[in-house]
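S.K.: coords06.cif is the file, holding mmCIF, C-alpha atoms, pLDDT in the B column; chains and numbers go by the auth columns:
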data_start
loop_
_atom_site.group_PDB
_atom_site.id
_atom_site.type_symbol
_atom_site.label_atom_id
_atom_site.label_comp_id
_atom_site.label_asym_id
_atom_site.label_seq_id
_atom_site.Cartn_x
_atom_site.Cartn_y
_atom_site.Cartn_z
_atom_site.B_iso_or_equiv
_atom_site.auth_seq_id
_atom_site.auth_asym_id
ATOM 1 C CA MET A 1 96.857 115.209 106.542 76.00 1 A
ATOM 2 C CA SER A 2 100.405 115.451 105.209 89.00 2 A
ATOM 3 C CA LYS A 3 103.855 114.212 106.105 95.00 3 A
ATOM 4 C CA ILE A 4 107.273 115.411 104.916 95.00 4 A
ATOM 5 C CA TYR A 5 110.338 113.228 104.289 95.00 5 A
ATOM 6 C CA TYR A 6 113.716 114.861 103.595 94.00 6 A
ATOM 7 C CA PHE A 7 116.172 113.205 101.226 92.00 7 A
ATOM 8 C CA GLY A 8 118.767 115.886 100.513 85.00 8 A
ATOM 9 C CA SER A 9 119.773 119.437 101.084 83.00 9 A
ATOM 10 C CA ASN A 10 116.499 121.382 100.714 89.00 10 A
ATOM 11 C CA ARG A 11 114.836 118.424 98.976 93.00 11 A
ATOM 12 C CA SER A 12 111.766 116.681 100.278 94.00 12 A
ATOM 13 C CA ILE A 13 108.896 114.353 99.517 93.00 13 A
ATOM 14 C CA ILE A 14 105.474 115.330 100.826 94.00 14 A
ATOM 15 C CA VAL A 15 102.605 112.880 101.148 95.00 15 A
ATOM 16 C CA ASN A 16 99.192 114.573 101.096 94.00 16 A
ATOM 17 C CA LYS A 17 95.812 112.980 101.587 93.00 17 A
ATOM 18 C CA ARG A 18 93.093 114.633 99.561 90.00 18 A
ATOM 19 C CA GLU A 19 89.440 113.729 99.331 89.00 19 A
ATOM 20 C CA TYR A 20 90.113 111.625 96.209 84.00 20 A
ATOM 21 C CA GLY A 21 93.308 109.856 97.328 89.00 21 A
ATOM 22 C CA TYR A 22 96.939 110.290 98.269 92.00 22 A
ATOM 23 C CA PHE A 23 99.391 112.369 96.276 93.00 23 A
ATOM 24 C CA ILE A 24 103.177 112.366 96.430 92.00 24 A
ATOM 25 C CA THR A 25 105.002 115.648 95.789 92.00 25 A
ATOM 26 C CA ILE A 26 108.746 115.934 95.258 92.00 26 A
ATOM 27 C CA CYS A 27 110.106 119.389 96.134 91.00 27 A
ATOM 28 C CA ASP A 28 113.431 121.003 95.360 89.00 28 A
ATOM 29 C CA PHE A 29 114.330 124.116 97.392 82.00 29 A
ATOM 30 C CA ASP A 30 110.702 124.489 98.475 70.00 30 A
ATOM 31 C CA LYS A 31 109.616 124.549 94.819 79.00 31 A
ATOM 32 C CA VAL A 32 107.206 121.809 93.776 74.00 32 A
ATOM 33 C CA THR A 33 108.716 119.932 90.882 82.00 33 A
ATOM 34 C CA ILE A 34 106.476 116.870 90.538 89.00 34 A
ATOM 35 C CA THR A 35 103.165 115.759 92.005 90.00 35 A
ATOM 36 C CA MET A 36 101.840 112.293 91.270 88.00 36 A
ATOM 37 C CA PRO A 37 99.010 110.103 92.486 87.00 37 A
ATOM 38 C CA SER A 38 99.961 107.318 94.853 86.00 38 A
ATOM 39 C CA LYS A 39 99.101 104.691 92.218 80.00 39 A
ATOM 40 C CA ARG A 40 101.881 106.047 90.001 80.00 40 A
ATOM 41 C CA TRP A 41 104.285 106.329 92.932 78.00 41 A
ATOM 42 C CA CYS A 42 103.706 102.781 94.174 68.00 42 A
ATOM 43 C CA GLY A 43 103.322 100.915 90.953 64.00 43 A
ATOM 44 C CA GLN A 44 105.908 102.493 88.741 71.00 44 A
ATOM 45 C CA ILE A 45 108.671 104.107 90.802 73.00 45 A
ATOM 46 C CA LYS A 46 109.300 100.765 92.516 70.00 46 A
ATOM 47 C CA MET A 47 109.288 98.888 89.203 71.00 47 A
ATOM 48 C CA ALA A 48 111.759 101.339 87.675 77.00 48 A
ATOM 49 C CA GLY A 49 114.119 100.864 90.626 76.00 49 A
ATOM 50 C CA SER A 50 116.056 97.813 89.454 78.00 50 A
ATOM 51 C CA GLY A 51 116.499 99.181 85.930 85.00 51 A
ATOM 52 C CA VAL A 52 117.662 102.534 87.299 88.00 52 A
ATOM 53 C CA ASP A 53 120.104 100.824 89.661 86.00 53 A
ATOM 54 C CA SER A 54 121.590 98.760 86.800 87.00 54 A
ATOM 55 C CA SER A 55 121.919 101.826 84.569 89.00 55 A
ATOM 56 C CA LEU A 56 123.665 103.766 87.333 90.00 56 A
ATOM 57 C CA VAL A 57 126.170 100.949 87.912 87.00 57 A
ATOM 58 C CA GLU A 58 126.799 100.386 84.197 90.00 58 A
ATOM 59 C CA ASN A 59 126.728 104.135 83.383 88.00 59 A
ATOM 60 C CA SER A 60 124.168 103.452 80.653 90.00 60 A
ATOM 61 C CA THR A 61 121.051 105.371 79.651 90.00 61 A
ATOM 62 C CA LEU A 62 117.473 104.459 80.497 89.00 62 A
ATOM 63 C CA LYS A 63 114.033 105.954 79.882 88.00 63 A
ATOM 64 C CA TRP A 64 111.219 104.253 81.815 84.00 64 A
ATOM 65 C CA SER A 65 107.601 105.417 81.628 83.00 65 A
ATOM 66 C CA ILE A 66 105.954 105.716 85.028 83.00 66 A
ATOM 67 C CA GLY A 67 102.629 106.887 83.566 80.00 67 A
ATOM 68 C CA GLY A 68 100.825 110.124 82.863 82.00 68 A
ATOM 69 C CA ALA A 69 103.617 111.374 80.541 85.00 69 A
ATOM 70 C CA TYR A 70 106.223 111.080 83.320 87.00 70 A
ATOM 71 C CA TYR A 71 109.480 109.182 82.938 88.00 71 A
ATOM 72 C CA VAL A 72 112.387 108.096 85.078 90.00 72 A
ATOM 73 C CA CYS A 73 115.533 108.624 83.005 92.00 73 A
ATOM 74 C CA VAL A 74 119.161 107.802 83.700 93.00 74 A
ATOM 75 C CA ARG A 75 121.973 109.578 81.906 91.00 75 A
ATOM 76 C CA ASP A 76 125.518 110.468 82.966 91.00 76 A
ATOM 77 C CA ARG A 77 125.020 108.807 86.371 90.00 77 A
ATOM 78 C CA ARG A 78 122.072 111.084 87.170 93.00 78 A
ATOM 79 C CA VAL A 79 118.450 110.114 87.641 93.00 79 A
ATOM 80 C CA GLN A 80 115.695 112.367 86.349 93.00 80 A
ATOM 81 C CA ILE A 81 112.012 112.135 87.110 92.00 81 A
ATOM 82 C CA ARG A 82 110.474 114.355 84.473 91.00 82 A
ATOM 83 C CA ARG A 83 107.258 115.116 82.589 90.00 83 A
ATOM 84 C CA PHE A 84 107.390 114.879 78.798 91.00 84 A
ATOM 85 C CA PHE A 85 105.162 116.201 76.024 89.00 85 A
ATOM 86 C CA TYR A 86 104.581 115.061 72.465 86.00 86 A
ATOM 87 C CA HIS A 87 106.088 117.442 69.900 86.00 87 A
ATOM 88 C CA ALA A 88 103.815 117.047 66.869 84.00 88 A
ATOM 89 C CA GLU A 89 106.213 118.578 64.330 89.00 89 A
ATOM 90 C CA LEU A 90 109.175 116.461 65.429 87.00 90 A
ATOM 91 C CA LYS A 91 106.913 113.446 66.081 83.00 91 A
ATOM 92 C CA GLU A 92 108.719 112.617 69.298 85.00 92 A
ATOM 93 C CA GLU A 93 108.452 112.948 73.057 86.00 93 A
ATOM 94 C CA ARG A 94 110.349 115.907 74.498 90.00 94 A
ATOM 95 C CA PRO A 95 111.158 116.764 78.131 90.00 95 A
ATOM 96 C CA THR A 96 109.513 119.678 79.924 90.00 96 A
ATOM 97 C CA LYS A 97 110.993 121.803 82.697 88.00 97 A
ATOM 98 C CA GLN A 98 108.733 120.018 85.178 89.00 98 A
ATOM 99 C CA GLY A 99 110.962 117.486 86.904 91.00 99 A
ATOM 100 C CA ILE A 100 113.960 116.910 89.122 92.00 100 A
ATOM 101 C CA VAL A 101 117.514 115.617 88.651 92.00 101 A
ATOM 102 C CA LEU A 102 118.844 113.360 91.391 93.00 102 A
ATOM 103 C CA THR A 103 122.278 112.122 92.318 92.00 103 A
ATOM 104 C CA HIS A 104 122.850 108.411 92.889 91.00 104 A
ATOM 105 C CA ARG A 105 122.810 109.048 96.654 92.00 105 A
ATOM 106 C CA GLU A 106 119.492 110.925 96.467 93.00 106 A
ATOM 107 C CA TRP A 107 117.991 108.111 94.382 91.00 107 A
ATOM 108 C CA GLU A 108 119.013 105.604 97.068 91.00 108 A
ATOM 109 C CA ARG A 109 117.400 107.798 99.720 93.00 109 A
ATOM 110 C CA ILE A 110 114.174 108.069 97.711 91.00 110 A
ATOM 111 C CA LYS A 111 113.966 104.267 97.492 88.00 111 A
ATOM 112 C CA LYS A 112 114.319 104.043 101.284 90.00 112 A
ATOM 113 C CA ILE A 113 111.733 106.780 101.759 91.00 113 A
ATOM 114 C CA ALA A 114 109.356 104.828 99.494 88.00 114 A
ATOM 115 C CA ASP A 115 109.609 101.899 101.909 87.00 115 A
ATOM 116 C CA THR A 116 109.031 104.248 104.857 92.00 116 A
ATOM 117 C CA ILE A 117 105.991 105.797 103.166 91.00 117 A
ATOM 118 C CA ASN A 118 104.567 102.321 102.588 87.00 118 A
ATOM 119 C CA ALA A 119 105.106 101.533 106.289 91.00 119 A
ATOM 120 C CA ASP A 120 103.555 104.828 107.411 93.00 120 A
ATOM 121 C CA PHE A 121 100.554 104.758 105.044 90.00 121 A
ATOM 122 C CA ALA A 122 98.942 101.339 104.674 86.00 122 A
ATOM 123 C CA ASP A 123 96.539 102.694 102.030 86.00 123 A
ATOM 124 C CA ILE A 124 99.490 103.617 99.822 85.00 124 A
ATOM 125 C CA ALA A 125 101.359 100.368 100.452 80.00 125 A
ATOM 126 C CA PHE A 126 98.513 98.313 99.008 79.00 126 A
ATOM 127 C CA GLU A 127 97.787 100.572 96.010 77.00 127 A
ATOM 128 C CA GLN A 128 97.873 98.811 92.667 71.00 128 A
ATOM 129 C CA PRO A 129 98.812 100.421 89.347 70.00 129 A
ATOM 130 C CA CYS A 130 95.965 101.193 86.948 68.00 130 A
ATOM 131 C CA TYR A 131 96.639 98.156 84.764 68.00 131 A
ATOM 132 C CA ALA A 132 95.971 95.830 87.728 69.00 132 A
ATOM 133 C CA ASP A 133 92.284 96.842 87.712 72.00 133 A
ATOM 134 C CA SER A 134 90.059 94.163 86.159 73.00 134 A
ATOM 135 C CA ASP A 135 88.242 96.712 83.975 75.00 135 A
ATOM 136 C CA HIS A 136 91.414 98.458 82.767 68.00 136 A
ATOM 137 C CA ASN A 137 91.329 99.647 79.144 72.00 137 A
ATOM 138 C CA ARG A 138 94.814 100.614 77.984 65.00 138 A
ATOM 139 C CA ASP A 139 93.551 102.522 74.930 69.00 139 A
ATOM 140 C CA SER A 140 91.532 104.984 77.023 68.00 140 A
ATOM 141 C CA CYS A 141 93.836 105.113 80.085 70.00 141 A
ATOM 142 C CA PHE A 142 95.742 108.379 80.478 66.00 142 A
ATOM 143 C CA GLU A 143 98.334 106.759 82.764 67.00 143 A
ATOM 144 C CA CYS A 144 99.234 104.167 80.137 66.00 144 A
ATOM 145 C CA ASN A 145 98.670 106.116 76.944 66.00 145 A
ATOM 146 C CA SER A 146 98.984 109.818 77.707 66.00 146 A
ATOM 147 C CA PHE A 147 100.550 110.972 74.411 64.00 147 A
ATOM 148 C CA LYS A 148 98.065 109.192 72.163 60.00 148 A
ATOM 149 C CA LEU A 149 95.204 110.774 74.106 44.00 149 A
ATOM 150 C CA ASP A 150 96.808 114.255 73.968 47.00 150 A
ATOM 151 C CA MET A 151 97.020 114.333 70.159 44.00 151 A
#
Represent the supplied structure as structure tokens.
M.R.:
Amino acid sequence: MSKIYYFGSNRSIIVNKREYGYFITICDFDKVTITMPSKRWCGQIKMAGSGVDSSLVENSTLKWSIGGAYYVCVRDRRVQIRRFFYHAELKEERPTKQGIVLTHREWERIKKIADTINADFADIAFEQPCYADSDHNRDSCFECNSFKLDM
């Protein structure tokens, strides 16, 4: 089962149900740019929203981890959702090509689509981020600590 939501010219969000849960895919010109589990979509994209909105209004920068080495970044009035990797020689996180750059208008549309997805898929609406689980262990959780576990 899948459903497509359009948020810009040739840009879409696809919700897919797989045997082990829901996944959200953001596509740009029919090219998959990001796929994330619904826990990451629900828990972190929503939480990043107010910080992203403030950064867009103030024209400031922001880098917010949404888990699994993915970040929502704001710079020059653009929003990026991008995967990062840890560069051992430089000892810092660096962006990969896997991601998408959004305009302010597209970001606003994605926030509305997130509400629509929650209305359309009750299972997704009630998802909790990994750290809400009672047996959550941050040190061994890839969502929370992806770079430490990659090294």
S.K.: I'd like to see the residues matched by the PyMOL selection byres ((chain A and resi 92-108) around 9) on this file, and ideally I'd get them as number ranges by chain.
M.R.: A: 7-8, 26-28, 32-34, 53, 56, 70, 77-91, 109-113, 147
S.K.: Using the chain letters and numbers from the file, which residues does the PyMOL selection byres ((chain A and resi 62) around 8) grab, as an mmCIF file with C-alpha atoms, in the frame of the given file?
M.R.:
data_model
loop_
_atom_site.group_PDB
_atom_site.id
_atom_site.type_symbol
_atom_site.label_atom_id
_atom_site.label_comp_id
_atom_site.auth_asym_id
_atom_site.auth_seq_id
_atom_site.Cartn_x
_atom_site.Cartn_y
_atom_site.Cartn_z
ATOM 1 C CA GLY A 51 116.499 99.181 85.930
ATOM 2 C CA VAL A 52 117.662 102.534 87.299
ATOM 3 C CA SER A 55 121.919 101.826 84.569
ATOM 4 C CA SER A 60 124.168 103.452 80.653
ATOM 5 C CA THR A 61 121.051 105.371 79.651
ATOM 6 C CA LYS A 63 114.033 105.954 79.882
ATOM 7 C CA TRP A 64 111.219 104.253 81.815
ATOM 8 C CA VAL A 72 112.387 108.096 85.078
ATOM 9 C CA CYS A 73 115.533 108.624 83.005
ATOM 10 C CA VAL A 74 119.161 107.802 83.700
ATOM 11 C CA ARG A 75 121.973 109.578 81.906
#
S.K.: So the first atom is CA of Tyr22 (chain A) and the second is CA of Met36 (chain A); what is the distance between them in Å, to one decimal place?
M.R.: 8.8 Å
S.K.: Could you tell me how far CA of Asn10 (chain A) lies from CA of Asp30 (chain A), in Å and to one decimal?
M.R.: 6.9 Å
S.K.: Can you tell me how far CA of Gly68 (chain A) sits from CA of Ala48 (chain A), in Å to one decimal?
M.R.: 14.8 Å
S.K.: Can you find the residues with an atom no farther than 10 Å from (106.9, 107.3, 105.4), counting all atoms listed in the file, and report them as a list in words?
M.R.: Lys3, Ile4, Tyr5, Ile13, Ile14, Val15, Lys112, Ile113, Ala114, Asp115, Thr116, Ile117, Asn118, Ala119, Asp120, Phe121, Ala122 and Ile124 of chain A
S.K.: Once the PyMOL selection byres ((chain A and resi 44) around 9) has been applied to the shown file, what residues remain in the selection, as a list of chain:residue names?
M.R.: A:Lys39, A:Arg40, A:Trp41, A:Cys42, A:Gly43, A:Ile45, A:Lys46, A:Met47, A:Ala48, A:Gly49, A:Trp64, A:Ser65, A:Ile66, A:Gly67, A:Pro129
S.K.: With all atoms listed in the file as the basis for distance, which of A:Asp123, A:Ser12, A:Cys141, A:Val57 is at the shortest distance from Lys31 (chain A)?
M.R.: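 Closest candidate: A:Ser12.
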S.K.: Which of these residues is nearest to Pro37 (chain A), using only C-alpha atoms: A:Ser54, A:Ser9, A:Glu127, A:Met1?
M.R.: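 With only C-alpha atoms as the atom set, the closest residue is A:Glu127.
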S.K.: Output region 61-89 of chain A with N, CA and C atoms present, as a PDB file, in the coordinates of the input.
M.R.:
ATOM      1  N   THR A  61     122.242 104.522  79.649  1.00 90.00           N
ATOM      2  CA  THR A  61     121.051 105.371  79.651  1.00 90.00           C
ATOM      3  C   THR A  61     119.801 104.509  79.781  1.00 90.00           C
ATOM      4  N   LEU A  62     118.753 105.138  80.297  1.00 89.00           N
ATOM      5  CA  LEU A  62     117.473 104.459  80.497  1.00 89.00           C
ATOM      6  C   LEU A  62     116.365 105.494  80.430  1.00 89.00           C
ATOM      7  N   LYS A  63     115.233 105.104  79.877  1.00 88.00           N
ATOM      8  CA  LYS A  63     114.033 105.954  79.882  1.00 88.00           C
ATOM      9  C   LYS A  63     112.860 105.027  80.158  1.00 88.00           C
ATOM     10  N   TRP A  64     112.269 105.169  81.355  1.00 84.00           N
ATOM     11  CA  TRP A  64     111.219 104.253  81.815  1.00 84.00           C
ATOM     12  C   TRP A  64     109.956 105.059  82.094  1.00 84.00           C
ATOM     13  N   SER A  65     108.869 104.725  81.414  1.00 83.00           N
ATOM     14  CA  SER A  65     107.601 105.417  81.628  1.00 83.00           C
ATOM     15  C   SER A  65     107.014 105.007  82.971  1.00 83.00           C
ATOM     16  N   ILE A  66     106.632 106.005  83.765  1.00 83.00           N
ATOM     17  CA  ILE A  66     105.954 105.716  85.028  1.00 83.00           C
ATOM     18  C   ILE A  66     104.491 106.130  84.959  1.00 83.00           C
ATOM     19  N   GLY A  67     104.029 106.568  83.781  1.00 80.00           N
ATOM     20  CA  GLY A  67     102.629 106.887  83.566  1.00 80.00           C
ATOM     21  C   GLY A  67     102.346 108.373  83.554  1.00 80.00           C
ATOM     22  N   GLY A  68     101.256 108.732  82.905  1.00 82.00           N
ATOM     23  CA  GLY A  68     100.825 110.124  82.863  1.00 82.00           C
ATOM     24  C   GLY A  68     101.828 111.061  82.235  1.00 82.00           C
ATOM     25  N   ALA A  69     102.594 110.598  81.252  1.00 85.00           N
ATOM     26  CA  ALA A  69     103.617 111.374  80.541  1.00 85.00           C
ATOM     27  C   ALA A  69     104.845 111.672  81.392  1.00 85.00           C
ATOM     28  N   TYR A  70     105.035 110.943  82.481  1.00 87.00           N
ATOM     29  CA  TYR A  70     106.223 111.080  83.320  1.00 87.00           C
ATOM     30  C   TYR A  70     107.164 109.910  83.072  1.00 87.00           C
ATOM     31  N   TYR A  71     108.456 110.200  83.140  1.00 88.00           N
ATOM     32  CA  TYR A  71     109.480 109.182  82.938  1.00 88.00           C
ATOM     33  C   TYR A  71     110.551 109.279  84.014  1.00 88.00           C
ATOM     34  N   VAL A  72     111.151 108.134  84.299  1.00 90.00           N
ATOM     35  CA  VAL A  72     112.387 108.096  85.078  1.00 90.00           C
ATOM     36  C   VAL A  72     113.477 107.835  84.046  1.00 90.00           C
ATOM     37  N   CYS A  73     114.454 108.728  83.986  1.00 92.00           N
ATOM     38  CA  CYS A  73     115.533 108.624  83.005  1.00 92.00           C
ATOM     39  C   CYS A  73     116.868 108.593  83.724  1.00 92.00           C
ATOM     40  N   VAL A  74     117.801 107.837  83.176  1.00 93.00           N
ATOM     41  CA  VAL A  74     119.161 107.802  83.700  1.00 93.00           C
ATOM     42  C   VAL A  74     120.095 108.193  82.568  1.00 93.00           C
ATOM     43  N   ARG A  75     120.979 109.126  82.882  1.00 91.00           N
ATOM     44  CA  ARG A  75     121.973 109.578  81.906  1.00 91.00           C
ATOM     45  C   ARG A  75     123.109 110.226  82.680  1.00 91.00           C
ATOM     46  N   ASP A  76     124.328 109.895  82.332  1.00 91.00           N
ATOM     47  CA  ASP A  76     125.518 110.468  82.966  1.00 91.00           C
ATOM     48  C   ASP A  76     125.481 110.320  84.485  1.00 91.00           C
ATOM     49  N   ARG A  77     125.073 109.141  84.933  1.00 90.00           N
ATOM     50  CA  ARG A  77     125.020 108.807  86.371  1.00 90.00           C
ATOM     51  C   ARG A  77     124.100 109.725  87.173  1.00 90.00           C
ATOM     52  N   ARG A  78     123.109 110.265  86.514  1.00 93.00           N
ATOM     53  CA  ARG A  78     122.072 111.084  87.170  1.00 93.00           C
ATOM     54  C   ARG A  78     120.714 110.482  86.860  1.00 93.00           C
ATOM     55  N   VAL A  79     119.812 110.610  87.808  1.00 93.00           N
ATOM     56  CA  VAL A  79     118.450 110.114  87.641  1.00 93.00           C
ATOM     57  C   VAL A  79     117.529 111.320  87.518  1.00 93.00           C
ATOM     58  N   GLN A  80     116.691 111.309  86.514  1.00 93.00           N
ATOM     59  CA  GLN A  80     115.695 112.367  86.349  1.00 93.00           C
ATOM     60  C   GLN A  80     114.312 111.752  86.458  1.00 93.00           C
ATOM     61  N   ILE A  81     113.436 112.445  87.148  1.00 92.00           N
ATOM     62  CA  ILE A  81     112.012 112.135  87.110  1.00 92.00           C
ATOM     63  C   ILE A  81     111.399 113.364  86.468  1.00 92.00           C
ATOM     64  N   ARG A  82     110.844 113.189  85.269  1.00 91.00           N
ATOM     65  CA  ARG A  82     110.474 114.355  84.473  1.00 91.00           C
ATOM     66  C   ARG A  82     109.209 114.092  83.657  1.00 91.00           C
ATOM     67  N   ARG A  83     108.443 115.156  83.462  1.00 90.00           N
ATOM     68  CA  ARG A  83     107.258 115.116  82.589  1.00 90.00           C
ATOM     69  C   ARG A  83     107.710 115.391  81.159  1.00 90.00           C
ATOM     70  N   PHE A  84     107.101 114.698  80.218  1.00 91.00           N
ATOM     71  CA  PHE A  84     107.390 114.879  78.798  1.00 91.00           C
ATOM     72  C   PHE A  84     106.128 115.353  78.086  1.00 91.00           C
ATOM     73  N   PHE A  85     106.289 115.863  76.872  1.00 89.00           N
ATOM     74  CA  PHE A  85     105.162 116.201  76.024  1.00 89.00           C
ATOM     75  C   PHE A  85     105.456 115.667  74.627  1.00 89.00           C
ATOM     76  N   TYR A  86     104.407 115.541  73.820  1.00 86.00           N
ATOM     77  CA  TYR A  86     104.581 115.061  72.465  1.00 86.00           C
ATOM     78  C   TYR A  86     104.701 116.253  71.534  1.00 86.00           C
ATOM     79  N   HIS A  87     105.838 116.367  70.852  1.00 86.00           N
ATOM     80  CA  HIS A  87     106.088 117.442  69.900  1.00 86.00           C
ATOM     81  C   HIS A  87     105.601 116.960  68.537  1.00 86.00           C
ATOM     82  N   ALA A  88     104.479 117.521  68.088  1.00 84.00           N
ATOM     83  CA  ALA A  88     103.815 117.047  66.869  1.00 84.00           C
ATOM     84  C   ALA A  88     104.686 117.218  65.622  1.00 84.00           C
ATOM     85  N   GLU A  89     105.388 118.344  65.514  1.00 89.00           N
ATOM     86  CA  GLU A  89     106.213 118.578  64.330  1.00 89.00           C
ATOM     87  C   GLU A  89     107.385 117.609  64.255  1.00 89.00           C
TER      88      GLU A  89
END
